[in-house]
Amino acid sequence: ITNETSTSPESLTCIFAGAINQTDTVYFYFPYDDLSGWKIKYSEGTTLDLEDYYDETNKLIKIPFEFQSPTVAISIYKI
């Protein structure tokens with residue numbers, strides 16, 4: 001991780017550095033019970049529903065990603 005920005009309790013953006021075509025998985029602790037309205041957005045514009053990546057047993061969001069460029073920004077936010 002090269003940078004982390006939180007503009008509110010309902011928004012977090014992290015920037016990761018790596019090699020192009022490298023794959024990785026990021027884990028975020030997410031203690032909230034209500035997953036509705038939460039989204040995941042990648043820097044290239046892909047938006048996903050957080051609930052599809054949530055591990056309820058461990059209260060973790062597991063987001064797999066691939067570096068299309070030397071950095072990838074991943075945002076978690078509530079709409």
# chains A, B, ... in the order shown; residues from 1 in each chain; ligands from 1

call {"tool": "residues_around", "arguments": {"residues": "region 22-33 of chain A", "least_positions_apart": "4", "cutoff": "6 Å", "atoms": "only C-alpha atoms", "output": "number ranges by chain"}}
result
A: 59-67

call {"tool": "residues_around", "arguments": {"residues": "Ser8 (chain A)", "least_positions_apart": "4", "cutoff": "12 Å", "atoms": "only C-alpha atoms", "output": "JSON, numbers by chain"}}
result
{"A": [12, 13, 76, 77, 78]}

call {"tool": "residues_around", "arguments": {"residues": "region 72-75 of chain A", "least_positions_apart": "6", "cutoff": "6 Å", "atoms": "only C-alpha atoms", "output": "PDB file with N, CA and C atoms, in the first residue's frame"}}
result
ATOM      1  N   LEU A  12     -13.197   5.060   1.983  1.00  0.00           N
ATOM      2  CA  LEU A  12     -11.783   4.733   2.157  1.00  0.00           C
ATOM      3  C   LEU A  12     -11.200   4.437   0.780  1.00  0.00           C
ATOM      4  N   THR A  13     -10.071   5.050   0.464  1.00  0.00           N
ATOM      5  CA  THR A  13      -9.358   4.778  -0.777  1.00  0.00           C
ATOM      6  C   THR A  13      -7.926   4.399  -0.441  1.00  0.00           C
ATOM      7  N   CYS A  14      -7.479   3.280  -1.008  1.00  0.00           N
ATOM      8  CA  CYS A  14      -6.100   2.821  -0.831  1.00  0.00           C
ATOM      9  C   CYS A  14      -5.453   2.673  -2.201  1.00  0.00           C
ATOM     10  N   ILE A  15      -4.199   3.075  -2.301  1.00  0.00           N
ATOM     11  CA  ILE A  15      -3.447   2.945  -3.543  1.00  0.00           C
ATOM     12  C   ILE A  15      -2.346   1.908  -3.308  1.00  0.00           C
ATOM     13  N   PHE A  16      -2.300   0.918  -4.193  1.00  0.00           N
ATOM     14  CA  PHE A  16      -1.340  -0.176  -4.096  1.00  0.00           C
ATOM     15  C   PHE A  16      -0.360  -0.082  -5.251  1.00  0.00           C
ATOM     16  N   ILE A  40     -17.502  -1.123  -4.084  1.00  0.00           N
ATOM     17  CA  ILE A  40     -16.057  -1.192  -4.274  1.00  0.00           C
ATOM     18  C   ILE A  40     -15.788  -0.640  -5.670  1.00  0.00           C
ATOM     19  N   LYS A  41     -14.814   0.256  -5.784  1.00  0.00           N
ATOM     20  CA  LYS A  41     -14.492   0.816  -7.095  1.00  0.00           C
ATOM     21  C   LYS A  41     -12.988   0.749  -7.324  1.00  0.00           C
ATOM     22  N   TYR A  42     -12.612   0.233  -8.497  1.00  0.00           N
ATOM     23  CA  TYR A  42     -11.208   0.193  -8.915  1.00  0.00           C
ATOM     24  C   TYR A  42     -10.886   1.446  -9.711  1.00  0.00           C
ATOM     25  N   SER A  43      -9.612   1.813  -9.746  1.00  0.00           N
ATOM     26  CA  SER A  43      -9.190   3.031 -10.439  1.00  0.00           C
ATOM     27  C   SER A  43      -9.522   3.020 -11.922  1.00  0.00           C
TER      28      SER A  43
END

call {"tool": "select_by_dssp", "arguments": {"residues": "chain A", "states": "helix (DSSP H, G or I)", "output": "PyMOL selection string"}}
result
chain A and resi 50-53

call {"tool": "select_by_dssp", "arguments": {"residues": "chain A", "states": "strand (DSSP E)", "output": "MDAnalysis selection string"}}
result
chainID A and resid 3:8 11:17 23:29 38:42 47:49 54:55 60:66 71:78

call {"tool": "write_last_selection", "arguments": {"atoms": "C-alpha atoms", "output": "PDB file, in the first residue's frame"}}
result
ATOM      1  CA  ASN A   3      -1.359   5.713   0.202  1.00  0.00           C
ATOM      2  CA  GLU A   4      -4.548   5.606   2.250  1.00  0.00           C
ATOM      3  CA  THR A   5      -7.213   8.300   2.321  1.00  0.00           C
ATOM      4  CA  SER A   6     -10.389   8.433   4.366  1.00  0.00           C
ATOM      5  CA  THR A   7     -12.637  11.425   3.795  1.00  0.00           C
ATOM      6  CA  SER A   8     -15.420  10.146   6.053  1.00  0.00           C
ATOM      7  CA  SER A  11     -15.258   6.247   2.435  1.00  0.00           C
ATOM      8  CA  LEU A  12     -11.783   4.733   2.157  1.00  0.00           C
ATOM      9  CA  THR A  13      -9.358   4.778  -0.777  1.00  0.00           C
ATOM     10  CA  CYS A  14      -6.100   2.821  -0.831  1.00  0.00           C
ATOM     11  CA  ILE A  15      -3.447   2.945  -3.543  1.00  0.00           C
ATOM     12  CA  PHE A  16      -1.340  -0.176  -4.096  1.00  0.00           C
ATOM     13  CA  ALA A  17       1.927  -0.413  -6.032  1.00  0.00           C
ATOM     14  CA  THR A  23      -2.312 -10.416  -8.978  1.00  0.00           C
ATOM     15  CA  ASP A  24      -2.999  -9.825  -5.318  1.00  0.00           C
ATOM     16  CA  THR A  25      -5.790  -9.777  -2.740  1.00  0.00           C
ATOM     17  CA  VAL A  26      -6.470  -7.023  -0.247  1.00  0.00           C
ATOM     18  CA  TYR A  27      -8.326  -7.625   3.016  1.00  0.00           C
ATOM     19  CA  PHE A  28     -10.290  -4.976   4.910  1.00  0.00           C
ATOM     20  CA  TYR A  29     -11.879  -5.457   8.322  1.00  0.00           C
ATOM     21  CA  TRP A  38     -21.673  -0.154  -0.043  1.00  0.00           C
ATOM     22  CA  LYS A  39     -19.603  -0.334  -3.230  1.00  0.00           C
ATOM     23  CA  ILE A  40     -16.057  -1.192  -4.274  1.00  0.00           C
ATOM     24  CA  LYS A  41     -14.492   0.816  -7.095  1.00  0.00           C
ATOM     25  CA  TYR A  42     -11.208   0.193  -8.915  1.00  0.00           C
ATOM     26  CA  THR A  47     -17.596  -0.907  -9.650  1.00  0.00           C
ATOM     27  CA  LEU A  48     -18.673  -3.944  -7.615  1.00  0.00           C
ATOM     28  CA  ASP A  49     -21.131  -4.680  -4.808  1.00  0.00           C
ATOM     29  CA  TYR A  54     -17.710 -10.036   2.193  1.00  0.00           C
ATOM     30  CA  ASP A  55     -16.708 -12.899   4.500  1.00  0.00           C
ATOM     31  CA  LEU A  60     -13.537  -9.223   6.194  1.00  0.00           C
ATOM     32  CA  ILE A  61     -13.840  -7.849   2.711  1.00  0.00           C
ATOM     33  CA  LYS A  62     -11.569  -9.867   0.377  1.00  0.00           C
ATOM     34  CA  ILE A  63     -10.876  -8.053  -2.895  1.00  0.00           C
ATOM     35  CA  PRO A  64      -8.773  -9.832  -5.528  1.00  0.00           C
ATOM     36  CA  PHE A  65      -7.215  -7.596  -8.194  1.00  0.00           C
ATOM     37  CA  GLU A  66      -4.660  -7.465 -10.986  1.00  0.00           C
ATOM     38  CA  THR A  71      -0.589   1.415  -9.232  1.00  0.00           C
ATOM     39  CA  VAL A  72      -4.168   0.443  -8.479  1.00  0.00           C
ATOM     40  CA  ALA A  73      -6.569   2.532  -6.398  1.00  0.00           C
ATOM     41  CA  ILE A  74      -9.361   0.655  -4.624  1.00  0.00           C
ATOM     42  CA  SER A  75     -12.161   2.602  -2.952  1.00  0.00           C
ATOM     43  CA  ILE A  76     -14.825   1.372  -0.570  1.00  0.00           C
ATOM     44  CA  TYR A  77     -17.688   3.784  -0.121  1.00  0.00           C
ATOM     45  CA  LYS A  78     -21.374   4.027   0.725  1.00  0.00           C
TER      46      LYS A  78
END

call {"tool": "closest_residue", "arguments": {"among": "A:Gly37, A:Gly45, A:Pro70, A:Asp52", "to": "Asn21 (chain A)", "atoms": "only C-alpha atoms"}}
result
A:Pro70

call {"tool": "closest_residue", "arguments": {"among": "A:Glu51, A:Gln68, A:Ile20, A:Thr57", "to": "Leu35 (chain A)", "atoms": "only C-alpha atoms"}}
result
A:Glu51
